[in-house]
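Participant: So here's target.cif (mmCIF, C-alpha atoms).
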```cif
data_structure
#
loop_
_atom_site.label_atom_id
_atom_site.label_comp_id
_atom_site.auth_asym_id
_atom_site.auth_seq_id
_atom_site.Cartn_x
_atom_site.Cartn_y
_atom_site.Cartn_z
CA MET A 1 48.67 69.38 72.36
CA SER A 2 51.22 72.24 72.63
CA PHE A 3 50.80 75.57 70.87
CA MET A 4 53.67 74.80 68.49
CA SER A 5 52.25 71.36 67.58
CA GLN A 6 48.90 72.99 66.85
CA LEU A 7 50.63 75.65 64.76
CA ARG A 8 52.47 72.96 62.76
CA GLY A 9 49.14 71.22 62.13
CA GLU A 10 47.39 74.43 61.09
CA LEU A 11 50.26 75.46 58.80
CA ALA A 12 50.05 72.06 57.09
CA ARG A 13 46.27 72.48 56.78
CA ALA A 14 46.83 75.88 55.13
CA GLY A 15 49.27 74.29 52.65
CA ILE A 16 52.53 75.43 54.29
CA ARG A 17 54.76 72.44 54.90
CA GLY A 18 58.35 71.27 55.18
CA ARG A 19 61.29 73.57 55.83
CA TYR A 20 59.25 76.71 55.38
CA ALA A 21 56.75 75.65 58.07
CA ALA A 22 59.67 74.71 60.34
CA ARG A 23 61.12 78.19 59.86
CA ILE A 24 57.85 79.88 60.88
CA VAL A 25 57.59 77.68 63.97
CA ALA A 26 61.24 78.38 64.91
CA GLU A 27 60.73 82.15 64.57
CA LEU A 28 57.62 82.15 66.74
CA GLU A 29 59.35 79.86 69.26
CA ASP A 30 62.17 82.39 69.53
CA HIS A 31 59.64 85.20 69.85
CA LEU A 32 57.75 83.47 72.67
CA ALA A 33 61.02 82.64 74.43
CA THR A 34 61.92 86.36 74.31
CA ASP A 35 58.46 87.50 75.41
CA PRO A 36 56.37 84.70 76.97
CA ASN A 37 53.38 87.09 77.27
CA ALA A 38 53.29 87.94 73.55
CA HIS A 39 49.87 87.81 71.89
CA VAL A 40 50.69 85.76 68.85
CA GLY A 41 47.07 84.77 68.23
CA ALA A 42 45.41 81.40 67.59
CA PRO A 43 47.37 78.84 65.51
CA ARG A 44 44.69 78.68 62.82
CA GLU A 45 44.54 82.47 62.54
CA ILE A 46 48.35 82.70 62.22
CA ALA A 47 48.50 79.94 59.59
CA GLU A 48 45.73 81.53 57.51
CA ARG A 49 47.40 84.93 57.71
CA PHE A 50 50.70 83.49 56.44
CA ALA A 51 48.92 81.75 53.56
CA SER A 52 46.99 84.91 52.72
CA GLU A 53 50.10 87.11 52.72
CA LEU A 54 52.20 84.67 50.68
CA ARG A 55 49.82 83.50 47.98
CA ILE A 56 50.19 86.48 45.60
CA ALA A 57 53.99 86.53 45.86
CA ARG A 58 54.22 82.75 45.36
CA THR A 59 51.84 82.80 42.39
CA ARG A 60 53.78 85.63 40.74
CA ARG A 61 57.06 83.79 41.25
CA ALA A 62 55.53 80.58 39.89
CA MET A 63 54.31 82.50 36.82
CA LEU A 64 57.78 83.94 36.27
CA VAL A 65 59.37 80.47 36.40
CA THR A 66 56.58 79.15 34.14
CA PHE A 67 57.19 81.96 31.66
CA VAL A 68 60.95 81.24 31.52
CA ALA A 69 60.41 77.46 31.22
CA LEU A 70 57.89 77.97 28.39
CA ALA A 71 60.22 80.44 26.66
CA VAL A 72 62.95 77.77 26.64
CA CYS A 73 60.41 75.28 25.32
CA GLY A 74 59.34 77.77 22.64
CA ALA A 75 62.95 78.44 21.63
CA LEU A 76 63.59 74.70 21.24
CA PHE A 77 60.39 74.43 19.18
CA MET A 78 61.57 77.21 16.86
CA LEU A 79 64.99 75.58 16.60
CA VAL A 80 63.43 72.25 15.58
CA VAL A 81 61.20 74.00 13.01
CA ALA A 82 64.16 75.99 11.62
CA THR A 83 66.48 72.99 11.34
CA HIS A 84 63.88 70.47 10.16
CA ARG A 85 65.29 68.35 7.35
CA GLY A 86 62.64 65.63 7.11
CA SER A 87 61.88 62.91 9.59
CA THR A 88 64.41 60.34 10.73
CA SER A 89 61.67 58.24 12.39
CA PRO A 90 59.84 55.72 10.21
CA GLY A 91 56.08 55.26 9.99
CA TRP A 92 53.38 57.36 11.63
CA THR A 93 55.33 58.48 14.74
CA ALA A 94 56.89 61.58 13.22
CA PRO A 95 53.76 63.09 11.57
CA VAL A 96 51.61 62.42 14.65
CA SER A 97 54.34 63.86 16.91
CA ALA A 98 54.62 66.95 14.70
CA LEU A 99 50.86 67.49 14.81
CA ALA A 100 50.81 67.01 18.61
CA ALA A 101 53.70 69.47 18.99
CA LEU A 102 51.91 72.09 16.85
CA ALA A 103 48.63 71.74 18.76
CA ALA A 104 50.27 71.67 22.20
CA ALA A 105 52.49 74.67 21.34
CA GLN A 106 49.38 76.74 20.62
CA ILE A 107 47.70 75.60 23.84
CA ALA A 108 50.87 76.39 25.83
CA PHE A 109 51.10 79.86 24.28
CA VAL A 110 47.45 80.77 24.83
CA ALA A 111 47.22 79.29 28.35
CA GLY A 112 50.56 80.86 29.33
CA MET A 113 49.58 84.32 28.09
CA LEU A 114 46.17 84.13 29.77
CA ALA A 115 47.81 83.01 33.04
CA LEU A 116 50.16 85.97 32.87
CA VAL A 117 47.33 88.43 32.20
CA ARG A 118 45.21 87.04 35.04
CA VAL A 119 48.01 87.08 37.60
CA LEU A 120 48.74 90.73 36.81
CA ARG A 121 45.05 91.59 37.28
CA ALA A 122 44.41 89.30 40.22
CA ARG A 123 42.24 90.80 42.94
CA THR A 124 40.97 87.70 44.69
CA ALA A 125 42.14 84.21 45.63
CA GLY A 126 39.80 82.93 42.88
CA ASP A 127 41.74 84.98 40.29
CA LEU A 128 45.01 83.50 41.52
CA ARG A 129 43.49 80.03 41.28
CA VAL A 130 42.47 80.69 37.66
CA ALA A 131 46.01 81.91 36.87
CA GLN A 132 47.51 78.82 38.53
CA ARG A 133 45.22 76.47 36.59
CA ARG A 134 46.10 78.18 33.32
CA GLY A 135 49.78 77.93 34.25
CA PHE A 136 49.45 74.19 34.86
CA VAL A 137 47.71 73.71 31.50
CA ALA A 138 50.50 75.70 29.80
CA LEU A 139 53.17 73.59 31.52
CA ALA A 140 51.45 70.31 30.64
CA ALA A 141 51.13 71.47 27.02
CA GLY A 142 54.81 72.53 27.10
CA ALA A 143 55.78 69.04 28.29
CA ILE A 144 53.74 67.52 25.43
CA VAL A 145 55.59 69.81 22.99
CA ALA A 146 58.98 68.65 24.31
CA VAL A 147 58.06 64.95 24.19
CA ALA A 148 56.39 65.30 20.78
CA LEU A 149 59.43 67.10 19.34
CA ALA A 150 61.57 64.26 20.65
CA GLY A 151 59.16 61.94 18.81
CA THR A 152 60.07 63.68 15.54
CA GLY A 153 63.72 62.83 16.16
CA ALA A 154 64.83 66.05 17.94
CA LEU A 155 65.77 64.40 21.22
CA TYR A 156 67.40 67.58 22.50
CA ALA A 157 63.89 69.05 22.95
CA LEU A 158 63.70 66.96 26.13
CA LEU A 159 66.09 69.52 27.65
CA ALA A 160 62.98 71.67 28.28
CA LEU A 161 61.54 69.14 30.73
CA PRO A 162 63.60 69.98 33.87
CA GLY A 163 62.61 73.66 33.63
CA LEU A 164 58.97 72.72 33.17
CA ALA A 165 59.17 70.41 36.21
CA LEU A 166 60.72 73.21 38.26
CA ALA A 167 57.90 75.55 37.24
CA ALA A 168 55.30 72.89 38.10
CA ARG A 169 56.83 72.58 41.55
CA ALA A 170 56.68 76.36 42.12
CA SER A 171 53.08 76.41 40.88
CA ARG A 172 52.13 73.54 43.20
CA SER A 173 53.55 75.45 46.17
CA ALA A 174 51.39 78.47 45.22
CA LEU A 175 48.32 76.31 44.62
CA ALA A 176 48.67 74.68 48.05
CA ILE A 177 48.06 77.99 49.86
CA THR A 178 45.29 79.30 47.58
CA PRO A 179 41.67 78.47 48.41
CA ASP A 180 39.48 77.24 45.57
CA GLU A 181 37.18 80.25 45.20
CA SER A 182 35.07 81.15 42.18
CA ALA A 183 36.30 83.85 39.80
CA ASP A 184 35.13 85.72 36.71
CA GLY A 185 35.80 84.32 33.26
CA LEU A 186 37.58 85.82 30.29
CA ARG A 187 36.05 89.29 30.67
CA VAL A 188 38.63 90.02 33.38
CA ASP A 189 41.42 89.37 30.89
CA LEU A 190 40.19 90.70 27.56
CA PRO A 191 37.96 93.48 26.30
CA PHE A 192 34.90 92.05 24.46
CA PRO A 193 36.04 88.47 25.20
CA ARG A 194 33.83 86.58 22.73
CA VAL A 195 34.60 88.90 19.81
CA THR A 196 38.33 88.99 20.68
CA LEU A 197 38.49 85.22 21.00
CA THR A 198 36.68 84.70 17.68
CA LEU A 199 38.97 87.19 15.91
CA LEU A 200 42.10 85.55 17.35
CA GLY A 201 40.84 82.11 16.32
CA ALA A 202 40.02 83.36 12.82
CA ALA A 203 43.47 84.96 12.57
CA ALA A 204 45.18 81.70 13.62
CA ALA A 205 43.12 79.69 11.12
CA GLY A 206 43.83 82.30 8.43
CA ILE A 207 47.59 82.10 9.00
CA VAL A 208 47.52 78.29 8.81
CA PHE A 209 45.38 78.47 5.65
CA LEU A 210 47.78 80.92 3.98
CA GLN A 211 50.76 78.84 5.06
CA GLY A 212 49.21 75.84 3.31
CA VAL A 213 48.32 77.80 0.16
CA VAL A 214 51.68 79.60 -0.16
CA GLY A 215 53.96 76.88 1.24
CA GLU A 216 52.44 73.97 -0.68
CA LYS A 217 51.08 76.07 -3.59
CA SER A 218 47.74 74.35 -3.17
CA LEU A 219 44.37 75.82 -2.21
CA GLN A 220 43.18 72.37 -1.20
CA GLU A 221 46.11 71.96 1.22
CA GLY A 222 45.37 75.39 2.69
CA LEU A 223 41.72 74.47 3.22
CA ILE A 224 42.63 71.14 4.84
CA ARG A 225 45.14 72.77 7.21
CA GLY A 226 42.79 75.65 7.99
CA GLY A 227 40.00 73.15 8.66
CA ILE A 228 42.22 71.15 11.01
CA GLU A 229 43.12 74.36 12.84
CA VAL A 230 39.47 75.39 13.24
CA THR A 231 38.56 71.89 14.45
CA GLY A 232 41.46 72.00 16.91
CA LEU A 233 40.38 75.41 18.21
CA VAL A 234 36.78 74.29 18.71
CA LEU A 235 37.92 71.07 20.42
CA GLY A 236 40.35 73.01 22.61
CA MET A 237 37.59 75.39 23.61
CA LEU A 238 35.27 72.50 24.47
CA LEU A 239 37.88 70.52 26.38
CA LEU A 240 39.74 73.33 28.14
CA GLY A 241 37.17 76.13 28.25
CA ARG A 242 36.20 75.55 31.86
CA VAL A 243 39.70 74.76 33.13
CA LEU A 244 41.06 77.94 31.57
CA ALA A 245 37.98 79.98 32.61
CA LEU A 246 37.33 80.91 28.96
CA SER A 247 33.67 80.11 28.75
CA GLY A 248 32.34 81.91 31.84
CA PRO A 249 32.89 82.35 35.56
CA SER A 250 34.90 79.54 37.15
CA ARG A 251 33.19 77.96 40.13
CA ALA A 252 34.83 76.66 43.28
CA ARG A 253 34.58 72.90 43.51
CA MET B 1 45.70 100.58 66.58
CA LYS B 2 44.52 97.52 64.64
CA ALA B 3 46.27 96.19 61.56
CA GLU B 4 43.17 96.89 59.41
CA GLN B 5 43.48 100.62 60.15
CA LEU B 6 47.10 100.50 59.01
CA LYS B 7 46.27 98.74 55.74
CA GLY B 8 48.36 100.31 53.02
CA HIS B 9 50.90 101.68 55.49
CA LEU B 10 52.07 98.56 57.29
CA ASP B 11 54.60 97.62 54.60
CA ALA B 12 56.12 101.11 54.71
CA LEU B 13 56.20 101.12 58.51
CA ILE B 14 58.01 97.78 58.62
CA LEU B 15 60.45 98.86 55.91
CA GLY B 16 60.98 102.12 57.84
CA THR B 17 61.71 100.19 61.02
CA LEU B 18 64.33 98.14 59.22
CA GLY B 19 65.75 101.29 57.60
CA GLY B 20 67.91 101.75 60.70
CA GLY B 21 69.55 98.35 60.29
CA PRO B 22 68.86 94.60 60.46
CA ALA B 23 66.54 93.32 63.17
CA HIS B 24 64.60 90.18 64.15
CA GLY B 25 60.80 90.03 64.30
CA TYR B 26 60.53 90.82 68.00
CA ALA B 27 62.79 93.87 67.64
CA VAL B 28 60.75 95.12 64.66
CA ILE B 29 57.53 94.95 66.70
CA GLU B 30 59.13 96.66 69.70
CA GLU B 31 60.69 99.37 67.54
CA LEU B 32 57.31 100.07 65.90
CA LYS B 33 55.70 100.38 69.32
CA GLN B 34 58.42 102.60 70.74
CA ARG B 35 58.77 104.95 67.78
CA SER B 36 54.99 105.45 67.63
CA ALA B 37 54.76 105.97 71.41
CA GLY B 38 52.59 102.86 71.73
CA THR B 39 50.18 103.70 68.89
CA PHE B 40 51.35 100.85 66.66
CA ASP B 41 51.19 97.97 69.12
CA LEU B 42 50.68 95.23 66.54
CA ALA B 43 49.99 91.58 67.16
CA GLU B 44 52.91 89.30 66.39
CA GLY B 45 50.60 87.18 64.26
CA THR B 46 50.20 90.20 61.96
CA VAL B 47 53.82 91.31 61.62
CA TYR B 48 55.55 87.99 60.91
CA PRO B 49 53.41 87.11 57.85
CA VAL B 50 54.08 90.60 56.43
CA LEU B 51 57.84 90.18 57.00
CA HIS B 52 57.66 86.89 55.09
CA ARG B 53 55.70 88.46 52.24
CA LEU B 54 58.09 91.40 51.95
CA GLU B 55 60.91 88.89 51.76
CA ALA B 56 59.06 86.88 49.08
CA GLU B 57 58.64 90.12 47.12
CA GLY B 58 62.39 90.74 47.31
CA LEU B 59 62.17 93.83 49.53
CA LEU B 60 63.75 92.08 52.54
CA ALA B 61 66.35 89.39 52.97
CA SER B 62 66.78 87.27 56.08
CA ALA B 63 69.24 84.86 57.66
CA TRP B 64 69.55 82.79 60.81
CA THR B 65 71.85 84.04 63.57
CA THR B 66 72.41 82.72 67.06
CA ALA B 67 71.59 84.85 70.11
CA SER B 68 71.74 83.56 73.71
CA GLY B 69 72.04 80.04 72.32
CA ARG B 70 68.82 80.39 70.33
CA LYS B 71 68.33 80.48 66.59
CA ARG B 72 67.03 83.87 65.50
CA ARG B 73 65.90 85.06 62.06
CA VAL B 74 67.24 88.53 61.28
CA TYR B 75 65.74 90.67 58.51
CA ARG B 76 67.42 93.42 56.52
CA LEU B 77 66.41 95.71 53.66
CA THR B 78 67.52 94.73 50.19
CA ARG B 79 68.42 97.35 47.58
CA ARG B 80 64.87 97.09 46.21
CA GLY B 81 63.51 97.40 49.74
CA ARG B 82 65.49 100.59 50.32
CA ALA B 83 64.19 102.03 47.05
CA ALA B 84 60.62 101.08 48.06
CA LEU B 85 61.13 102.76 51.43
CA ASP B 86 62.37 105.96 49.75
CA GLY B 87 59.33 105.90 47.48
CA SER B 88 56.97 105.38 50.43
CA ARG B 89 58.58 108.30 52.29
CA ARG B 90 58.11 110.61 49.31
CA GLU B 91 54.48 109.53 48.83
CA TRP B 92 53.70 109.94 52.51
CA ARG B 93 55.24 113.42 52.69
CA ALA B 94 53.28 114.58 49.66
CA PHE B 95 50.06 113.08 51.07
CA ALA B 96 50.60 114.54 54.57
CA HIS B 97 51.44 117.94 53.07
CA ALA B 98 48.25 117.90 50.98
CA VAL B 99 46.06 116.88 53.93
CA GLU B 100 47.68 119.53 56.10
CA ALA B 101 47.05 122.16 53.44
CA VAL B 102 43.35 121.26 53.32
CA LEU B 103 42.77 120.88 57.04
CA ALA B 104 44.84 123.84 58.23
#
```
Can I see the file as structure tokens?

Facilitator:
Amino acid sequence: MSFMSQLRGELARAGIRGRYAARIVAELEDHLATDPNAHVGAPREIAERFASELRIARTRRAMLVTFVALAVCGALFMLVVATHRGSTSPGWTAPVSALAALAAAQIAFVAGMLALVRVLRARTAGDLRVAQRRGFVALAAGAIVAVALAGTGALYALLALPGLALAARASRSALAITPDESADGLRVDLPFPRVTLTLLGAAAAGIVFLQGVVGEKSLQEGLIRGGIEVTGLVLGMLLLGRVLALSGPSRAR
Amino acid sequence: MKAEQLKGHLDALILGTLGGGPAHGYAVIEELKQRSAGTFDLAEGTVYPVLHRLEAEGLLASAWTTASGRKRRVYRLTRRGRAALDGSRREWRAFAHAVEAVLA
């Protein structure tokens, strides 16, 4: 097998494929044609060095695209909330969709913010992996928001989907070149993580409670909504705690 | 000199090499070697990944050209790259001046 074929194979193994891999091969081909005695190194070593150099830049770019896509999604969410004039869909679809949109919007916001914090503080490949996972969760939640909003009758919310797909593609390209290493949990991102998380959860539940009390002029409604919020937060923590590296160090699979 | 010993300076050295004008990977490596009188004789497998990263970070831009019938990727500094190079020069001069003051 020729050097260039081996290099192609090693680049693919390191997660670098397609046109970008072809570009690397073409550049090194030109280099070796100019200087046949050049010490380019072993194909595996070259491929790993490219992946190592590119993973931070690709993850940061993916996070930027994710942030923009989620901002568009958030703006559409606010627009739907601001222009809401009662459901046009009959039956249970609209209330369930509204509840799904509210829950997913919170997950997207929290996961997106945590991804951003981790990528800015990333020191290891494991940190980048945590940021990428959080980004994917935020994007998936963003897609649920868009679809759920469409379920309430606001079909234009689906306009957020192409941006979210673009961000998912950028994130996948970063994920492909990042090894699955273990990383620290929430203490990298927040001071006093458990206390901070509890306070944030209590604040969110408090806001929902007050919204119910003031908006509906009913203490009972406030308690029901606050209770739903607390249940949602606990469920979210149980279901997504490990994926988002909230509950402790994340381990490589 | 090995790349590990240059850690923290390699980006600035590559930006400095391209400060004189666009060049392809081979020319960057040769220029580094010549300007340092052979001290910075870096492996090609080290320099190309750094060129790609600097491009991904927006400090370099690159395009294909044709030379002697072969496709060749030529790199040039972007505006951000030039600003980063100026910053690196200032930092290095201050650092070298401080070391000189202590060692002299």

Participant: Quick one: apply the PyMOL selection byres ((chain B) within 12 of (chain A)) to the file and drop the selected residues here as a PyMOL selection string.

Facilitator: chain B and resi 3+11+24-30+41-59+62-75

Participant: Evaluate the PyMOL selection byres ((chain A and resi 143) around 12) on the structure here and hand back the selected residues as a ChimeraX atom specification.

Facilitator: /A:66,69-70,72-74,76-77,100-101,104-105,107-108,136-142,144-150,157-168

Participant: Quick check on the file I pasted: which residues fall under the PyMOL selection byres ((chain A and resi 125) around 7)? Write them as a list in words.

Facilitator: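 After applying the PyMOL selection byres ((chain A and resi 125) around 7), what remains is Thr124, Gly126, Asp127, Leu128, Arg129, Thr178, Pro179 and Glu181 of chain A.
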
Participant: Just the number, please: distance in Å from CA of Ala203 in chain A to CA of Phe109 in chain A, one decimal.

Facilitator: 14.9 Å

Participant: Using all atoms listed in the file, can you tell me which of B:Leu10, B:Leu60, B:Ala23, B:Val99 comes closest to Gly81 in chain B?

Facilitator: B:Leu60

Participant: Calculated over all atoms listed in the file, which of the candidates A:Val188, A:Leu235, A:Met78, A:Leu244 has the smallest distance to Gly135 in chain A?

Facilitator: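 Selected residue with least distance to Gly135 in chain A: A:Leu244.
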
Participant: So what do you get for CA of Leu116 in chain A versus CA of Arg80 in chain B, distance-wise?

Facilitator: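 Between CA of Leu116 in chain A and CA of Arg80 in chain B the gap is 22.8 Å.
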
Participant: I'd like the interatomic distance between CA of Phe67 in chain A and CA of Tyr156 in chain A, to a tenth of an Å.

Facilitator: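 If I compute the distance from CA of Phe67 in chain A to CA of Tyr156 in chain A, I get 19.9 Å.
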
Participant: As JSON, what would the box around range 16-29 of chain A look like: edges along x, y and z, 3 Å added on every side, centre and edge lengths in Å to one decimal?

Facilitator:
```
{"center_x": 56.9, "center_y": 76.7, "center_z": 61.8, "size_x": 14.8, "size_y": 16.9, "size_z": 21.0}
```

Participant: Can you tell me, as a PyMOL selection string, which residues sit within 12 Å of (47.0, 70.0, 10.6) in the file's frame, using only C-alpha atoms?

Facilitator: chain A and resi 95-103+205+208-209+211-212+221-233

Participant: Quick one: residues within 12 Å of Ala12 in chain A, all atoms listed in the file counted, chain neighbours fewer than 3 positions away excluded, as a PyMOL selection string?

Facilitator: chain A and resi 5-9+15-22+24-25+43-44+46-48+50-51+173+176-177

Participant: In file coordinates, which residues lie within 8 Å of (44.1, 84.1, 34.0) using only C-alpha atoms, given as a VMD selection string?

Facilitator: chain A and resid 114 to 119 127 to 128 130 to 132 134 186 189 244 to 245

Participant: With N, CA and C atoms as the goal, would you fill in the gaps in range 46-77 of chain A and present it as an mmCIF file, keeping the file's coordinate frame?

Facilitator:
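This is the output file result10.cif:
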```cif
data_model
loop_
_atom_site.group_PDB
_atom_site.id
_atom_site.type_symbol
_atom_site.label_atom_id
_atom_site.label_comp_id
_atom_site.auth_asym_id
_atom_site.auth_seq_id
_atom_site.Cartn_x
_atom_site.Cartn_y
_atom_site.Cartn_z
ATOM 1 N N ILE A 46 46.982 82.412 62.679
ATOM 2 C CA ILE A 46 48.350 82.700 62.220
ATOM 3 C C ILE A 46 48.613 82.016 60.875
ATOM 4 N N ALA A 47 48.245 80.722 60.812
ATOM 5 C CA ALA A 47 48.500 79.940 59.590
ATOM 6 C C ALA A 47 47.769 80.566 58.397
ATOM 7 N N GLU A 48 46.511 80.955 58.617
ATOM 8 C CA GLU A 48 45.730 81.530 57.510
ATOM 9 C C GLU A 48 46.300 82.878 57.084
ATOM 10 N N ARG A 49 46.821 83.622 58.049
ATOM 11 C CA ARG A 49 47.400 84.930 57.710
ATOM 12 C C ARG A 49 48.682 84.748 56.866
ATOM 13 N N PHE A 50 49.495 83.767 57.236
ATOM 14 C CA PHE A 50 50.700 83.490 56.440
ATOM 15 C C PHE A 50 50.313 83.105 55.010
ATOM 16 N N ALA A 51 49.338 82.196 54.900
ATOM 17 C CA ALA A 51 48.920 81.750 53.560
ATOM 18 C C ALA A 51 48.387 82.924 52.755
ATOM 19 N N SER A 52 47.591 83.768 53.412
ATOM 20 C CA SER A 52 46.990 84.910 52.720
ATOM 21 C C SER A 52 48.052 85.910 52.251
ATOM 22 N N GLU A 53 49.049 86.146 53.089
ATOM 23 C CA GLU A 53 50.100 87.110 52.720
ATOM 24 C C GLU A 53 50.996 86.572 51.600
ATOM 25 N N LEU A 54 51.194 85.241 51.599
ATOM 26 C CA LEU A 54 52.200 84.670 50.680
ATOM 27 C C LEU A 54 51.654 84.270 49.320
ATOM 28 N N ARG A 55 50.317 84.139 49.205
ATOM 29 C CA ARG A 55 49.820 83.500 47.980
ATOM 30 C C ARG A 55 50.050 84.343 46.720
ATOM 31 N N ILE A 56 49.967 85.668 46.807
ATOM 32 C CA ILE A 56 50.190 86.480 45.600
ATOM 33 C C ILE A 56 51.655 86.390 45.186
ATOM 34 N N ALA A 57 52.549 86.560 46.181
ATOM 35 C CA ALA A 57 53.990 86.530 45.860
ATOM 36 C C ALA A 57 54.389 85.177 45.276
ATOM 37 N N ARG A 58 53.857 84.086 45.868
ATOM 38 C CA ARG A 58 54.220 82.750 45.360
ATOM 39 C C ARG A 58 53.665 82.517 43.966
ATOM 40 N N THR A 59 52.443 82.996 43.728
ATOM 41 C CA THR A 59 51.840 82.800 42.390
ATOM 42 C C THR A 59 52.627 83.590 41.355
ATOM 43 N N ARG A 60 53.010 84.823 41.700
ATOM 44 C CA ARG A 60 53.780 85.630 40.740
ATOM 45 C C ARG A 60 55.121 84.984 40.430
ATOM 46 N N ARG A 61 55.773 84.451 41.478
ATOM 47 C CA ARG A 61 57.060 83.790 41.250
ATOM 48 C C ARG A 61 56.868 82.549 40.382
ATOM 49 N N ALA A 62 55.808 81.787 40.680
ATOM 50 C CA ALA A 62 55.530 80.580 39.890
ATOM 51 C C ALA A 62 55.287 80.954 38.426
ATOM 52 N N MET A 63 54.581 82.057 38.196
ATOM 53 C CA MET A 63 54.310 82.500 36.820
ATOM 54 C C MET A 63 55.597 82.898 36.110
ATOM 55 N N LEU A 64 56.493 83.532 36.856
ATOM 56 C CA LEU A 64 57.780 83.940 36.270
ATOM 57 C C LEU A 64 58.578 82.707 35.829
ATOM 58 N N VAL A 65 58.638 81.702 36.726
ATOM 59 C CA VAL A 65 59.370 80.470 36.400
ATOM 60 C C VAL A 65 58.682 79.767 35.221
ATOM 61 N N THR A 66 57.346 79.772 35.238
ATOM 62 C CA THR A 66 56.580 79.150 34.140
ATOM 63 C C THR A 66 56.902 79.855 32.820
ATOM 64 N N PHE A 67 56.915 81.182 32.864
ATOM 65 C CA PHE A 67 57.190 81.960 31.660
ATOM 66 C C PHE A 67 58.578 81.624 31.092
ATOM 67 N N VAL A 68 59.577 81.554 31.968
ATOM 68 C CA VAL A 68 60.950 81.240 31.520
ATOM 69 C C VAL A 68 61.006 79.820 30.944
ATOM 70 N N ALA A 69 60.384 78.866 31.675
ATOM 71 C CA ALA A 69 60.410 77.460 31.220
ATOM 72 C C ALA A 69 59.721 77.325 29.857
ATOM 73 N N LEU A 70 58.608 78.042 29.677
ATOM 74 C CA LEU A 70 57.890 77.970 28.390
ATOM 75 C C LEU A 70 58.668 78.685 27.288
ATOM 76 N N ALA A 71 59.401 79.746 27.661
ATOM 77 C CA ALA A 71 60.220 80.440 26.660
ATOM 78 C C ALA A 71 61.320 79.516 26.142
ATOM 79 N N VAL A 72 61.926 78.747 27.056
ATOM 80 C CA VAL A 72 62.950 77.770 26.640
ATOM 81 C C VAL A 72 62.325 76.739 25.716
ATOM 82 N N CYS A 73 61.139 76.271 26.118
ATOM 83 C CA CYS A 73 60.410 75.280 25.320
ATOM 84 C C CYS A 73 60.107 75.857 23.927
ATOM 85 N N GLY A 74 59.665 77.112 23.913
ATOM 86 C CA GLY A 74 59.340 77.770 22.640
ATOM 87 C C GLY A 74 60.575 77.940 21.765
ATOM 88 N N ALA A 75 61.711 78.269 22.395
ATOM 89 C CA ALA A 75 62.950 78.440 21.630
ATOM 90 C C ALA A 75 63.387 77.109 21.002
ATOM 91 N N LEU A 76 63.239 76.024 21.774
ATOM 92 C CA LEU A 76 63.590 74.700 21.240
ATOM 93 C C LEU A 76 62.654 74.327 20.091
ATOM 94 N N PHE A 77 61.385 74.687 20.241
ATOM 95 C CA PHE A 77 60.390 74.430 19.180
ATOM 96 C C PHE A 77 60.805 75.133 17.897
#
```
